[in-house]
Structure formats: C-alpha cells, structure tokens
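**Student:** File name my_file_16.txt; file contents compact mmCIF, C-alpha atoms and all ligand atoms; full text below.
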```txt
# COMPACT_ATOMS: atom_id res chain seq x y z
CA MET A 1 -10.06 -34.55 31.34
CA PHE A 2 -9.91 -36.56 34.58
CA LYS A 3 -7.72 -39.61 34.68
CA LEU A 4 -7.71 -42.61 36.96
CA ARG A 5 -5.13 -42.16 39.71
CA TYR A 6 -3.10 -45.10 40.90
CA TYR A 7 -1.59 -45.76 44.32
CA PRO A 8 0.70 -44.22 45.65
CA ASP A 9 -0.68 -40.99 44.09
CA PRO A 10 -0.93 -38.69 47.16
CA VAL A 11 -4.42 -37.48 46.19
CA LEU A 12 -5.74 -40.91 47.26
CA ARG A 13 -4.76 -40.07 50.87
CA ARG A 14 -6.46 -36.69 51.05
CA LYS A 15 -9.86 -36.01 52.56
CA ALA A 16 -12.52 -34.91 50.08
CA HIS A 17 -14.70 -31.83 50.63
CA GLU A 18 -18.48 -31.71 50.80
CA VAL A 19 -20.38 -30.60 47.73
CA LYS A 20 -22.13 -27.36 48.70
CA ASP A 21 -23.44 -25.97 45.43
CA PHE A 22 -25.97 -28.26 43.77
CA ASP A 23 -27.02 -25.65 41.22
CA SER A 24 -23.61 -25.29 39.69
CA SER A 25 -22.93 -26.76 36.26
CA ASN A 26 -19.61 -27.92 37.75
CA LEU A 27 -21.38 -30.80 39.42
CA GLU A 28 -22.80 -32.17 36.16
CA PHE A 29 -19.39 -31.65 34.53
CA ILE A 30 -17.69 -33.64 37.31
CA LEU A 31 -20.25 -36.44 37.07
CA GLU A 32 -19.90 -36.60 33.27
CA ASN A 33 -16.17 -37.05 33.58
CA MET A 34 -16.46 -39.58 36.39
CA ARG A 35 -18.94 -41.60 34.30
CA ARG A 36 -16.50 -41.60 31.40
CA VAL A 37 -13.63 -42.93 33.56
CA PHE A 38 -16.02 -45.41 35.21
CA ILE A 39 -17.08 -46.87 31.86
CA GLU A 40 -13.57 -46.77 30.42
CA HIS A 41 -12.30 -48.93 33.30
CA ASP A 42 -15.40 -51.12 33.56
CA ALA A 43 -15.74 -50.18 37.23
CA ILE A 44 -18.25 -51.28 39.81
CA GLY A 45 -17.49 -48.29 42.04
CA LEU A 46 -15.48 -45.08 41.64
CA ALA A 47 -14.86 -42.27 44.11
CA ALA A 48 -14.02 -38.72 43.01
CA PRO A 49 -10.51 -38.70 44.62
CA GLN A 50 -9.64 -41.59 42.28
CA VAL A 51 -9.85 -39.13 39.39
CA GLY A 52 -7.93 -36.49 41.35
CA LEU A 53 -10.97 -34.58 42.52
CA LEU A 54 -11.43 -33.89 46.23
CA LYS A 55 -15.22 -33.91 46.32
CA ARG A 56 -17.45 -36.23 48.34
CA ILE A 57 -18.96 -38.07 45.38
CA PHE A 58 -18.96 -41.69 44.31
CA LEU A 59 -20.52 -43.69 41.51
CA ILE A 60 -21.61 -47.30 41.64
CA ARG A 61 -23.07 -49.63 39.07
CA LEU A 62 -26.28 -51.13 40.37
CA ASN A 63 -28.28 -53.47 38.12
CA ASP A 64 -26.33 -52.16 35.13
CA LYS A 65 -27.23 -48.57 35.88
CA LEU A 66 -24.79 -45.91 37.10
CA GLU A 67 -25.89 -44.18 40.28
CA GLU A 68 -24.31 -41.12 41.84
CA TYR A 69 -24.15 -40.45 45.57
CA ILE A 70 -23.07 -37.06 46.84
CA ASN A 71 -22.00 -36.24 50.42
CA PRO A 72 -22.72 -39.83 51.49
CA VAL A 73 -22.80 -40.76 55.18
CA ILE A 74 -23.04 -44.29 56.52
CA ILE A 75 -25.87 -44.18 59.03
CA GLU A 76 -26.25 -47.85 59.87
CA THR A 77 -24.31 -51.07 59.48
CA SER A 78 -24.99 -54.64 60.50
CA GLY A 79 -23.37 -58.04 60.32
CA LYS A 80 -19.93 -58.94 59.07
CA ALA A 81 -18.69 -60.41 55.81
CA LEU A 82 -15.23 -61.55 54.78
CA ASN A 83 -14.67 -61.46 51.04
CA GLU A 84 -12.24 -60.60 48.26
CA GLU A 85 -11.93 -56.96 47.45
CA GLY A 86 -10.06 -55.02 44.80
CA CYS A 87 -9.65 -51.36 43.81
CA LEU A 88 -9.19 -49.70 40.41
CA SER A 89 -6.30 -47.72 41.89
CA PHE A 90 -4.49 -51.03 42.67
CA PRO A 91 -4.80 -53.02 39.44
CA GLY A 92 -4.80 -56.78 39.94
CA LEU A 93 -4.55 -56.72 43.75
CA TYR A 94 -7.28 -58.58 45.61
CA PHE A 95 -7.43 -59.23 49.34
CA LYS A 96 -9.90 -60.77 51.73
CA ILE A 97 -11.26 -57.95 53.84
CA GLU A 98 -13.90 -57.87 56.54
CA ARG A 99 -16.71 -55.36 56.07
CA ALA A 100 -20.22 -54.92 57.40
CA ARG A 101 -22.69 -57.17 55.56
CA LYS A 102 -25.39 -54.51 55.32
CA VAL A 103 -25.11 -50.78 55.19
CA THR A 104 -27.52 -47.84 55.02
CA ILE A 105 -26.36 -44.50 53.67
CA SER A 106 -27.82 -41.05 53.57
CA ALA A 107 -26.70 -39.04 50.54
CA TYR A 108 -27.78 -36.51 47.93
CA LYS A 109 -28.58 -36.97 44.26
CA VAL A 110 -27.46 -34.52 41.57
CA ASP A 111 -30.75 -32.60 41.83
CA GLY A 112 -30.13 -31.94 45.54
CA ARG A 113 -32.67 -34.52 46.74
CA ARG A 114 -31.68 -36.36 49.96
CA VAL A 115 -32.06 -40.13 49.78
CA GLU A 116 -31.51 -43.09 52.07
CA ARG A 117 -30.41 -46.37 50.53
CA LYS A 118 -29.78 -49.82 51.94
CA PHE A 119 -27.21 -52.14 50.39
CA GLU A 120 -26.14 -55.67 51.17
CA GLY A 121 -23.63 -58.23 49.98
CA LEU A 122 -21.27 -57.07 47.24
CA MET A 123 -22.84 -53.62 46.90
CA ALA A 124 -22.59 -53.01 50.67
CA ARG A 125 -18.88 -53.80 50.35
CA VAL A 126 -18.50 -51.45 47.37
CA VAL A 127 -20.29 -48.60 49.16
CA GLN A 128 -18.09 -48.94 52.29
CA HIS A 129 -14.99 -49.02 50.07
CA GLU A 130 -16.04 -45.87 48.19
CA VAL A 131 -17.00 -43.92 51.34
CA ASP A 132 -13.54 -44.78 52.72
CA HIS A 133 -11.96 -43.25 49.60
CA LEU A 134 -13.61 -39.92 50.47
CA ASP A 135 -11.65 -39.89 53.74
CA GLY A 136 -8.36 -40.99 52.19
CA VAL A 137 -8.78 -44.49 53.59
CA LEU A 138 -7.71 -47.33 51.29
CA TYR A 139 -8.51 -51.04 51.44
CA ILE A 140 -4.84 -51.88 52.05
CA ASP A 141 -5.25 -50.15 55.44
CA TYR A 142 -7.19 -53.21 56.60
CA LEU A 143 -4.46 -55.72 55.76
CA THR A 144 -2.34 -57.57 58.29
CA PRO A 145 1.16 -56.07 58.70
CA GLU A 146 2.59 -58.99 56.71
CA GLU A 147 0.19 -58.53 53.78
CA ARG A 148 0.80 -54.81 53.86
CA LEU A 149 4.57 -55.33 53.73
CA LYS A 150 4.09 -57.53 50.65
CA VAL A 151 2.04 -54.79 48.94
CA ASP A 152 4.71 -52.18 49.67
CA LEU A 153 7.47 -54.46 48.34
CA LEU A 154 5.41 -55.26 45.26
CA LEU A 155 4.82 -51.59 44.53
CA ILE A 156 8.52 -50.73 44.64
CA GLY A 157 9.21 -53.62 42.30
CA ALA A 158 10.98 -55.71 44.93
CA LEU A 159 8.44 -58.53 44.77
CA GLU A 160 6.93 -60.23 41.76
CA GLU A 161 3.58 -61.15 43.19
CA VAL A 162 1.69 -61.04 46.47
CO CO A 201 -11.04 -48.21 45.39
```
Could you show the structure in this file as structure tokens?

**Tutor:**
Amino acid sequence: MFKLRYYPDPVLRRKAHEVKDFDSSNLEFILENMRRVFIEHDAIGLAAPQVGLLKRIFLIRLNDKLEEYINPVIIETSGKALNEEGCLSFPGLYFKIERARKVTISAYKVDGRRVERKFEGLMARVVQHEVDHLDGVLYIDYLTPEERLKVDLLLIGALEEV
C-alpha cells in the first residue's frame, strides 16, 4: 500500500505528527507496511514520511533486527563525525556530512513503553538522519551551496553526475 517516495516529493518536506493512539490497530498496520518497504529496499533506516505518512515513526536495522521508534526525541548528543551518508529517497547520492558521533534518544515502542537508547557510529548517524526526516529536514540541507547546486542540476537532468 505505501510506496517509497523520492525527492522532490513534497511530502518529504512536511513535518510529521506525533502518534497519540497506541491502542489503535492503525499503528500495527503502519508498521507492517513500513517493514515491507524497508525490506523491499534493503534499508538501514526508514522514516514514515518516506512512505508518504506524516507520523513520527522510524525503523532501523540493528544487528539484523528491525526496530521501531515512535515519537523519538534526541535528548543528548556528543562528539562529531564526518562520514558518507545516503538516503533511500535520493538513490545513488552519497555525501560527506558531519553529525554527532553519539546520540541518545527517548522514544516509544509499539506497546506504548517509553525507552531510552544510545547509539554511536553508523547507527548514531542513521538515527539523526531519520529524526530529521520527521521534521522535513533532508541530508542535502547540510551540503555546501556548491554541492547543493550540483544536486539540483542533477535532479532536473541538467547534470550527469555529482
Ligand atoms: Co533518508
């Protein structure tokens, strides 16, 4: 039912809404469909707006297991790391982007339980990227003006590669 949305789909720029009803079967339905898209695209992270759904939910793959985080909030960050980053909504586009090296989030699981989780390295990067998606923020927003211009030209077919 849900399909992966690609930039410049306007839904990727909208702010997602908090999940308020944890008892609803809608939530399990949403997660089912997100898992399907996640697996189909061999993702490492996927945020609900990327399947056209404005809910504050993301999935990540951690040690080969899919984990869901609902209404996530970054409560602590430390350090800095510069590394390559991509996004399913921008196939084949990778850029070096600076992110915090460690991050702690507070979020809810599907059963309504509140959890705190710490991530570092690649997964800290993925979590920051996915939380950004929930606010309509995309990784290209962190590029230099020159890199950003190249992306825009590429996307209108005026450039062959970045
Ligand atoms: Co992304």

**Student:** Restricting the calculation to only C-alpha atoms and all ligand atoms: of A:Gly121, A:Gly112, A:Pro145, A:Gly136, which residue gets closest to ligand CO 201 (chain A)?

**Tutor:**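 For ligand CO 201 (chain A), the nearest of the given residues is A:Gly136.
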
**Student:** For the atom pair atom CA of Asp135 of chain A and atom CA of Arg14 of chain A, what is the interatomic distance in Å to one decimal place?

**Tutor:**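 Atom CA of Arg14 of chain A lies at a distance of 6.7 Å from atom CA of Asp135 of chain A.
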
**Student:** So, with only C-alpha atoms and all ligand atoms as the atoms that count, which of A:Val115, A:Ala43, A:Val110, A:Ile70 lies closest to ligand CO 201 (chain A)?

**Tutor:**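 Of A:Val115, A:Ala43, A:Val110, A:Ile70, the one nearest ligand CO 201 (chain A) is A:Ala43, counting only C-alpha atoms and all ligand atoms.
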
**Student:** Please give me, as an NGL selection string, the residues lying within 6 Å of ligand CO 201 (chain A) when counting only C-alpha atoms and all ligand atoms.

**Tutor:** :A and (87-89)

**Student:** What does the structure give for the distance between atom CA of Asp23 of chain A and atom CA of His129 of chain A, in Å to one decimal?

**Tutor:**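 Calculated distance between atom CA of Asp23 of chain A and atom CA of His129 of chain A is 27.7 Å.
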
**Student:** Would you list the contacts of segment 98-103 of chain A as a count of residues only, taking every protein, DNA or RNA residue within 7 Å and counting all atoms listed in the file, but skipping same-chain residues closer than 2 positions in sequence?

**Tutor:** 17

**Student:** For each of A:Gly86, A:Pro91, A:Gly45, A:Pro72, take the minimum atom-to-atom distance to Ile60 of chain A, counting only C-alpha atoms, then give the residue where this is smallest.

**Tutor:**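 So, comparing all the options, the nearest one is A:Gly45.
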